[in-house]
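Source file: data-v5.cif. Holds: mmCIF, C-alpha atoms.
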```
data_work
#
loop_
_atom_site.label_atom_id
_atom_site.label_comp_id
_atom_site.auth_asym_id
_atom_site.auth_seq_id
_atom_site.Cartn_x
_atom_site.Cartn_y
_atom_site.Cartn_z
CA MET M 1 -26.46 23.91 -8.29
CA SER M 2 -29.77 22.97 -6.72
CA GLY M 3 -30.05 22.12 -3.03
CA ALA M 4 -30.89 18.42 -3.36
CA LEU M 5 -28.02 17.80 -5.77
CA ALA M 6 -25.60 19.63 -3.45
CA ILE M 7 -26.69 17.50 -0.49
CA ALA M 8 -26.36 14.32 -2.55
CA GLY M 9 -22.89 15.41 -3.62
CA GLU M 10 -21.86 16.11 -0.04
CA ALA M 11 -23.17 12.70 1.02
CA LEU M 12 -21.19 11.02 -1.77
CA VAL M 13 -17.97 12.84 -0.78
CA ALA M 14 -18.51 12.01 2.91
CA LEU M 15 -19.18 8.35 2.05
CA ALA M 16 -16.03 8.12 -0.09
CA ILE M 17 -13.95 9.69 2.72
CA LEU M 18 -15.37 7.29 5.31
CA VAL M 19 -14.90 4.19 3.12
CA GLY M 20 -11.38 5.22 2.17
CA SER M 21 -10.24 5.97 5.71
CA PHE M 22 -11.87 2.73 6.94
CA PHE M 23 -9.84 0.68 4.45
CA LEU M 24 -6.65 2.58 5.35
CA LEU M 25 -7.26 1.82 9.03
CA VAL M 26 -7.98 -1.86 8.30
CA GLY M 27 -4.84 -2.17 6.17
CA SER M 28 -2.60 -0.61 8.81
CA PHE M 29 -4.24 -2.66 11.57
CA GLY M 30 -3.53 -5.80 9.55
CA LEU M 31 0.09 -4.68 9.16
CA LEU M 32 0.29 -4.43 12.96
CA ARG M 33 -1.61 -7.55 13.97
CA LEU M 34 -1.01 -10.35 11.43
CA PRO M 35 1.50 -12.97 12.65
CA THR M 36 3.97 -13.55 9.79
CA PHE M 37 5.50 -11.24 7.19
CA VAL M 38 3.95 -12.96 4.18
CA GLN M 39 0.52 -12.47 5.79
CA ARG M 40 1.35 -8.89 6.77
CA LEU M 41 2.23 -8.17 3.14
CA HIS M 42 -1.42 -8.65 2.13
CA ALA M 43 -2.98 -5.98 4.33
CA PRO M 44 -1.15 -2.81 3.21
CA THR M 45 -0.79 -3.75 -0.45
CA LYS M 46 -4.49 -4.45 -0.96
CA ALA M 47 -6.57 -2.64 1.67
CA THR M 48 -4.38 0.47 1.92
CA THR M 49 -4.24 0.95 -1.86
CA LEU M 50 -8.03 0.66 -2.00
CA GLY M 51 -8.36 3.13 0.90
CA VAL M 52 -6.18 5.76 -0.69
CA GLY M 53 -8.16 5.22 -3.91
CA GLY M 54 -11.35 5.99 -1.99
CA ILE M 55 -9.93 9.22 -0.58
CA LEU M 56 -8.72 10.28 -4.02
CA ILE M 57 -12.22 9.62 -5.42
CA ALA M 58 -13.60 11.75 -2.55
CA SER M 59 -11.23 14.57 -3.52
CA MET M 60 -12.23 14.30 -7.20
CA LEU M 61 -15.95 14.40 -6.33
CA TYR M 62 -15.44 17.30 -3.92
CA PHE M 63 -13.72 19.50 -6.51
CA LEU M 64 -16.24 18.39 -9.13
CA PHE M 65 -19.15 19.52 -6.92
CA THR M 66 -17.54 22.76 -5.62
CA THR M 67 -15.87 24.10 -8.78
CA GLY M 68 -17.98 22.27 -11.37
CA ARG M 69 -14.85 21.12 -13.22
CA LEU M 70 -13.47 17.59 -13.28
CA SER M 71 -9.99 17.50 -11.74
CA VAL M 72 -7.78 14.74 -13.08
CA HIS M 73 -4.74 15.22 -10.81
CA GLU M 74 -6.13 12.60 -8.46
CA LEU M 75 -6.48 10.05 -11.25
CA LEU M 76 -2.73 10.46 -11.84
CA ILE M 77 -1.96 9.60 -8.20
CA THR M 78 -4.48 6.72 -8.22
CA LEU M 79 -3.02 5.29 -11.42
CA PHE M 80 0.52 5.63 -10.07
CA LEU M 81 -0.32 3.97 -6.74
CA PHE M 82 -2.29 1.16 -8.38
CA LEU M 83 0.60 0.49 -10.77
CA THR M 84 3.36 0.60 -8.17
CA ALA M 85 1.71 -1.25 -5.24
CA PRO M 86 2.01 -4.74 -6.84
CA VAL M 87 5.59 -4.04 -7.95
CA SER M 88 6.72 -2.96 -4.48
CA ALA M 89 4.85 -5.91 -2.89
CA TYR M 90 6.65 -8.29 -5.26
CA MET M 91 10.01 -6.71 -4.47
CA LEU M 92 9.32 -6.90 -0.71
CA ALA M 93 8.32 -10.58 -0.93
CA LYS M 94 11.48 -11.42 -2.90
CA ALA M 95 13.61 -9.45 -0.44
CA TYR M 96 12.04 -11.31 2.48
CA LEU M 97 12.47 -14.74 0.86
CA PHE M 98 16.11 -14.18 -0.01
CA HIS M 99 16.95 -12.46 3.24
CA ARG M 100 15.89 -15.58 5.14
CA ARG M 101 18.27 -17.75 3.03
CA ALA M 102 17.12 -21.13 4.42
CA GLU M 103 13.65 -22.39 3.49
CA ARG M 104 13.06 -23.96 6.93
CA GLU M 105 13.02 -20.47 8.50
CA LEU M 106 10.06 -19.47 6.31
CA PRO M 107 6.41 -19.93 7.32
CA PRO M 108 4.55 -22.74 5.48
CA SER M 109 3.31 -21.80 2.04
CA GLY M 110 -0.12 -23.40 2.67
CA ARG M 111 0.12 -25.33 -0.60
CA PRO M 112 1.12 -28.94 -1.46
CA VAL M 113 4.33 -27.53 -2.95
CA GLY M 114 6.76 -25.22 -1.11
CA TRP M 115 7.87 -21.70 -1.98
CA ALA M 116 8.40 -21.45 -5.73
CA THR M 117 11.50 -19.31 -5.23
CA PHE M 118 13.32 -22.26 -3.63
CA ASP M 119 11.81 -25.00 -5.84
CA PRO M 120 14.50 -26.43 -8.16
CA ALA M 121 11.73 -27.58 -10.53
CA ALA M 122 10.55 -23.99 -11.00
CA SER M 123 13.77 -23.05 -12.78
CA ARG M 124 13.54 -25.98 -15.22
CA ASP M 125 11.83 -25.93 -18.60
CA ASP M 126 8.59 -27.56 -17.40
CA PRO M 127 6.98 -25.28 -14.81
CA ASP M 128 4.23 -27.83 -13.97
CA GLU M 129 6.67 -30.53 -12.88
CA ALA M 130 6.54 -29.48 -9.22
CA LEU M 131 2.77 -30.01 -9.14
CA ARG M 132 2.88 -33.64 -10.42
CA PRO M 133 3.15 -36.51 -7.93
CA ARG M 134 6.61 -38.05 -7.89
CA MET Q 1 -21.65 16.52 6.63
CA ILE Q 2 -18.23 16.66 4.97
CA GLU Q 3 -16.71 18.26 8.10
CA VAL Q 4 -17.77 15.29 10.26
CA ALA Q 5 -16.55 12.78 7.66
CA LEU Q 6 -13.24 14.69 7.42
CA ALA Q 7 -12.79 14.62 11.20
CA ILE Q 8 -13.43 10.86 11.29
CA GLY Q 9 -11.15 10.39 8.28
CA PHE Q 10 -8.29 12.39 9.83
CA ALA Q 11 -8.64 10.39 13.07
CA ALA Q 12 -8.72 7.02 11.26
CA VAL Q 13 -5.73 7.79 9.03
CA GLY Q 14 -3.86 9.20 12.05
CA ILE Q 15 -4.44 5.98 13.99
CA ALA Q 16 -3.38 4.00 10.91
CA THR Q 17 -0.14 6.02 10.80
CA VAL Q 18 0.49 5.20 14.48
CA PHE Q 19 -0.03 1.48 13.69
CA CYS Q 20 2.59 1.76 10.92
CA LEU Q 21 5.00 3.50 13.31
CA ILE Q 22 4.56 0.70 15.89
CA ARG Q 23 5.28 -1.92 13.19
CA LEU Q 24 8.28 0.15 12.08
CA ALA Q 25 9.64 0.11 15.64
CA LEU Q 26 8.84 -3.59 16.31
CA GLY Q 27 10.29 -5.01 13.12
CA PRO Q 28 11.30 -7.85 13.49
CA ASP Q 29 12.63 -8.28 9.94
CA THR Q 30 14.16 -5.68 7.61
CA ALA Q 31 11.36 -6.35 5.12
CA ASP Q 32 8.79 -5.58 7.84
CA ARG Q 33 10.32 -2.16 8.38
CA VAL Q 34 10.42 -1.43 4.64
CA LEU Q 35 6.76 -2.49 4.36
CA ALA Q 36 5.88 -0.25 7.32
CA LEU Q 37 7.63 2.71 5.63
CA ASP Q 38 5.78 1.96 2.37
CA THR Q 39 2.43 1.94 4.19
CA LEU Q 40 3.43 5.11 6.04
CA VAL Q 41 3.96 6.84 2.68
CA THR Q 42 0.53 5.68 1.46
CA ASN Q 43 -1.04 7.03 4.66
CA ALA Q 44 0.83 10.32 4.19
CA VAL Q 45 -0.61 10.64 0.66
CA ALA Q 46 -4.12 10.05 2.07
CA LEU Q 47 -3.56 12.62 4.83
CA ILE Q 48 -2.40 15.23 2.32
CA MET Q 49 -5.45 14.59 0.12
CA LEU Q 50 -7.72 14.95 3.17
CA LEU Q 51 -5.97 18.23 4.00
CA GLY Q 52 -6.60 19.36 0.42
CA ILE Q 53 -10.34 18.66 0.82
CA ALA Q 54 -10.43 20.35 4.26
CA GLN Q 55 -8.75 23.54 2.99
CA ALA Q 56 -10.54 23.36 -0.41
CA THR Q 57 -7.30 24.00 -2.28
CA ALA Q 58 -5.64 22.10 -5.10
CA VAL Q 59 -2.05 23.02 -4.23
CA HIS Q 60 -1.40 19.79 -2.31
CA PHE Q 61 -1.80 17.44 -5.28
CA GLU Q 62 1.78 17.85 -6.44
CA ALA Q 63 3.09 17.20 -2.92
CA ALA Q 64 0.99 14.01 -2.68
CA LEU Q 65 2.15 12.83 -6.12
CA LEU Q 66 5.81 13.53 -5.30
CA ILE Q 67 5.55 11.72 -1.95
CA ALA Q 68 3.90 8.71 -3.65
CA MET Q 69 6.72 8.60 -6.25
CA MET Q 70 9.47 8.99 -3.63
CA GLY Q 71 7.85 6.26 -1.55
CA PHE Q 72 7.86 3.82 -4.45
CA VAL Q 73 11.46 4.61 -5.41
CA GLY Q 74 12.53 4.32 -1.76
CA THR Q 75 10.80 0.93 -1.35
CA VAL Q 76 12.39 -0.44 -4.51
CA ALA Q 77 15.81 0.89 -3.47
CA PHE Q 78 15.51 -0.68 -0.01
CA CYS Q 79 14.43 -4.03 -1.51
CA LYS Q 80 17.26 -3.91 -4.01
CA PHE Q 81 19.70 -3.24 -1.20
CA VAL Q 82 18.37 -6.18 0.86
CA LEU Q 83 18.38 -8.47 -2.19
CA ARG Q 84 21.73 -7.58 -3.71
CA GLY Q 85 23.66 -5.67 -1.04
CA ASP Q 86 23.88 -2.71 -3.41
CA VAL Q 87 21.37 -0.26 -4.90
CA ILE Q 88 23.06 0.45 -8.24
CA GLU Q 89 25.41 -2.29 -9.40
#
```
What would you get if you wrote out this structure as structure tokens?
Amino acid sequence: MSGALAIAGEALVALAILVGSFFLLVGSFGLLRLPTFVQRLHAPTKATTLGVGGILIASMLYFLFTTGRLSVHELLITLFLFLTAPVSAYMLAKAYLFHRRAERELPPSGRPVGWATFDPAASRDDPDEALRPR
Amino acid sequence: MIEVALAIGFAAVGIATVFCLIRLALGPDTADRVLALDTLVTNAVALIMLLGIAQATAVHFEAALLIAMMGFVGTVAFCKFVLRGDVIE
């Protein structure tokens, strides 16, 4: 491999590592600093997944530039994490909502209607009923 | 160039892991602790991948994949336990 291409490859790997670790740090900082659980849920499930994706891309590029072969192990981990992060976030949100039992203990939903989990209209046939003025 | 980026990356992910540990200790809700554990697992996967780049070996991929899978299964099991009071009904 020529010198310029090797330097460009190194720069790409270093950039991917830096971007990935930055997003991981931001996600974990959000987990520590945000005030309520439903806000805290956003930081790790979005930023951290993106950060680990960046580091996996860095690993792929590194082994592509050093061995000259494309390694697809990382894609497996990326695919798995990107598939499971929304599922675990959904499960955590449901667990939080039901653990609190009473709706008044929850933070405001920030919408004209309350939390859909506790809306009696949401379990009826017409899902848009809760949005209409009564 | 990669060495410097790796050092910064290890430091950042290490600090991120400490943040998760603080949230794990603080709580205050059960769901907060489960979320902190889930994030801790994601950070562990990133750390293992960084170690793989630093040592230029491919033997850590399986460990990272297994930890990611165990983390997901653990999160779902914890959530199921909080939701239903039982993991397998």
Select from chain Q every residue with an atom at most 6 Å from any atom of chain M, then for each give the shortest pair of atoms and their distance in Å to one decimal, using only C-alpha atoms, rows by chain and rising number, as JSON lines.
```
{"residue": "Q:Ile2", "atom": "CA", "partner": "M:Ala14", "partner_atom": "CA", "distance": 5.1}
{"residue": "Q:Ala5", "atom": "CA", "partner": "M:Ala14", "partner_atom": "CA", "distance": 5.2}
{"residue": "Q:Gly9", "atom": "CA", "partner": "M:Ser21", "partner_atom": "CA", "distance": 5.2}
{"residue": "Q:Ala12", "atom": "CA", "partner": "M:Leu25", "partner_atom": "CA", "distance": 5.8}
{"residue": "Q:Val13", "atom": "CA", "partner": "M:Ser21", "partner_atom": "CA", "distance": 5.9}
{"residue": "Q:Ala16", "atom": "CA", "partner": "M:Leu25", "partner_atom": "CA", "distance": 4.8}
{"residue": "Q:Phe19", "atom": "CA", "partner": "M:Ser28", "partner_atom": "CA", "distance": 5.9}
{"residue": "Q:Arg23", "atom": "CA", "partner": "M:Leu32", "partner_atom": "CA", "distance": 5.6}
{"residue": "Q:Ala31", "atom": "CA", "partner": "M:Tyr96", "partner_atom": "CA", "distance": 5.7}
{"residue": "Q:Ala46", "atom": "CA", "partner": "M:Val52", "partner_atom": "CA", "distance": 5.5}
{"residue": "Q:Leu65", "atom": "CA", "partner": "M:Ile77", "partner_atom": "CA", "distance": 5.6}
{"residue": "Q:Cys79", "atom": "CA", "partner": "M:Ala95", "partner_atom": "CA", "distance": 5.6}
{"residue": "Q:Val82", "atom": "CA", "partner": "M:Ala95", "partner_atom": "CA", "distance": 5.9}
{"residue": "Q:Leu83", "atom": "CA", "partner": "M:Ala95", "partner_atom": "CA", "distance": 5.2}
```
Output of the above residues as a PDB file, in the coordinates of the input, restricted to C-alpha atoms:
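Everything below was put into result.pdb:
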```pdb
ATOM      1  CA  ILE Q   2     -18.230  16.660   4.970  1.00  0.00           C
ATOM      2  CA  ALA Q   5     -16.550  12.780   7.660  1.00  0.00           C
ATOM      3  CA  GLY Q   9     -11.150  10.390   8.280  1.00  0.00           C
ATOM      4  CA  ALA Q  12      -8.720   7.020  11.260  1.00  0.00           C
ATOM      5  CA  VAL Q  13      -5.730   7.790   9.030  1.00  0.00           C
ATOM      6  CA  ALA Q  16      -3.380   4.000  10.910  1.00  0.00           C
ATOM      7  CA  PHE Q  19      -0.030   1.480  13.690  1.00  0.00           C
ATOM      8  CA  ARG Q  23       5.280  -1.920  13.190  1.00  0.00           C
ATOM      9  CA  ALA Q  31      11.360  -6.350   5.120  1.00  0.00           C
ATOM     10  CA  ALA Q  46      -4.120  10.050   2.070  1.00  0.00           C
ATOM     11  CA  LEU Q  65       2.150  12.830  -6.120  1.00  0.00           C
ATOM     12  CA  CYS Q  79      14.430  -4.030  -1.510  1.00  0.00           C
ATOM     13  CA  VAL Q  82      18.370  -6.180   0.860  1.00  0.00           C
ATOM     14  CA  LEU Q  83      18.380  -8.470  -2.190  1.00  0.00           C
TER      15      LEU Q  83
END
```
### Message
I'd like the contact shell of Q:Thr17 - 7 Å cut-off, only C-alpha atoms, skipping same-chain residues fewer than 4 positions apart - returned as a ChimeraX atom specification.
### Response
/Q:13,21,40,43
### Query
Pick the closest to Q:Ala44 from Q:Ile15, Q:Ile67, Q:Val87, Q:Val76: which is it, counting all atoms listed in the file?
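Ranking Q:Ile15, Q:Ile67, Q:Val87, Q:Val76 by distance to Q:Ala44, first place goes to Q:Ile67.
Put simply, atom CA of Q:Phe78 is 11.4 Å away from atom CA of Q:Asp32.
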### Query
Can you list, as a VMD selection string, the residues that the PyMOL selection byres ((chain Q and resi 51) around 12) selects here?
(chain M and resid 17 55 to 56 58 to 59) or (chain Q and resid 3 6 to 7 9 to 10 13 44 to 50 52 to 61 63 to 64)
### Query
In Å, how far is it from atom CA of Q:Ala68 to atom CA of Q:Asp38?
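Interatomic distance here is 9.2 Å.
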### Query
For the atom pair atom CA of Q:Gly85 and atom CA of M:Pro107, what is the interatomic distance in Å to one decimal place?
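Calculated distance between atom CA of Q:Gly85 and atom CA of M:Pro107 is 23.9 Å.
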### Task
Kindly indicate which residue among M:Leu106, M:Gly114, M:Leu61, M:Leu83 lies nearest to M:Ala8, using all atoms listed in the file for the distances.
M:Leu61
Could stretch 74-101 of chain M be completed with N, CA and C atoms and written as a short mmCIF file (atom, residue, chain, number, x, y, z; two decimals), keeping the file's coordinate frame, please?
```cif
data_model
loop_
_atom_site.label_atom_id
_atom_site.label_comp_id
_atom_site.auth_asym_id
_atom_site.auth_seq_id
_atom_site.Cartn_x
_atom_site.Cartn_y
_atom_site.Cartn_z
N GLU M 74 -5.98 13.74 -9.36
CA GLU M 74 -6.13 12.60 -8.46
C GLU M 74 -6.02 11.29 -9.21
N LEU M 75 -6.57 11.27 -10.45
CA LEU M 75 -6.48 10.05 -11.25
C LEU M 75 -5.02 9.67 -11.48
N LEU M 76 -4.16 10.69 -11.63
CA LEU M 76 -2.73 10.46 -11.84
C LEU M 76 -2.15 9.73 -10.64
N ILE M 77 -2.48 10.23 -9.42
CA ILE M 77 -1.96 9.60 -8.20
C ILE M 77 -2.53 8.19 -8.07
N THR M 78 -3.85 8.04 -8.33
CA THR M 78 -4.48 6.72 -8.22
C THR M 78 -3.81 5.74 -9.17
N LEU M 79 -3.64 6.16 -10.42
CA LEU M 79 -3.02 5.29 -11.42
C LEU M 79 -1.62 4.90 -10.98
N PHE M 80 -0.86 5.90 -10.50
CA PHE M 80 0.52 5.63 -10.07
C PHE M 80 0.55 4.64 -8.91
N LEU M 81 -0.31 4.87 -7.92
CA LEU M 81 -0.32 3.97 -6.74
C LEU M 81 -0.77 2.57 -7.12
N PHE M 82 -1.78 2.47 -8.00
CA PHE M 82 -2.29 1.16 -8.38
C PHE M 82 -1.28 0.41 -9.24
N LEU M 83 -0.43 1.15 -9.97
CA LEU M 83 0.60 0.49 -10.77
C LEU M 83 1.77 0.05 -9.91
N THR M 84 2.13 0.87 -8.91
CA THR M 84 3.36 0.60 -8.17
C THR M 84 3.15 -0.32 -6.98
N ALA M 85 1.93 -0.41 -6.43
CA ALA M 85 1.71 -1.25 -5.24
C ALA M 85 2.05 -2.72 -5.50
N PRO M 86 1.62 -3.35 -6.61
CA PRO M 86 2.01 -4.74 -6.84
C PRO M 86 3.51 -4.91 -7.02
N VAL M 87 4.15 -3.93 -7.70
CA VAL M 87 5.59 -4.04 -7.95
C VAL M 87 6.36 -3.99 -6.63
N SER M 88 5.99 -3.05 -5.75
CA SER M 88 6.72 -2.96 -4.48
C SER M 88 6.40 -4.16 -3.60
N ALA M 89 5.17 -4.71 -3.67
CA ALA M 89 4.85 -5.91 -2.89
C ALA M 89 5.68 -7.09 -3.37
N TYR M 90 5.83 -7.21 -4.69
CA TYR M 90 6.65 -8.29 -5.26
C TYR M 90 8.10 -8.16 -4.81
N MET M 91 8.61 -6.94 -4.87
CA MET M 91 10.01 -6.71 -4.47
C MET M 91 10.20 -7.03 -2.99
N LEU M 92 9.21 -6.63 -2.15
CA LEU M 92 9.32 -6.90 -0.71
C LEU M 92 9.28 -8.40 -0.42
N ALA M 93 8.40 -9.14 -1.14
CA ALA M 93 8.32 -10.58 -0.93
C ALA M 93 9.63 -11.25 -1.31
N LYS M 94 10.20 -10.86 -2.45
CA LYS M 94 11.48 -11.42 -2.90
C LYS M 94 12.57 -11.10 -1.89
N ALA M 95 12.58 -9.85 -1.42
CA ALA M 95 13.61 -9.45 -0.44
C ALA M 95 13.49 -10.28 0.82
N TYR M 96 12.25 -10.50 1.27
CA TYR M 96 12.04 -11.31 2.48
C TYR M 96 12.52 -12.74 2.27
N LEU M 97 12.11 -13.34 1.11
CA LEU M 97 12.47 -14.74 0.86
C LEU M 97 13.98 -14.92 0.80
N PHE M 98 14.67 -14.01 0.14
CA PHE M 98 16.11 -14.18 -0.01
C PHE M 98 16.87 -13.75 1.23
N HIS M 99 16.27 -12.88 2.02
CA HIS M 99 16.95 -12.46 3.24
C HIS M 99 16.99 -13.60 4.25
N ARG M 100 15.96 -14.48 4.20
CA ARG M 100 15.89 -15.58 5.14
C ARG M 100 16.87 -16.70 4.79
N ARG M 101 17.33 -16.73 3.52
CA ARG M 101 18.27 -17.75 3.03
C ARG M 101 17.70 -19.16 3.10
#
```
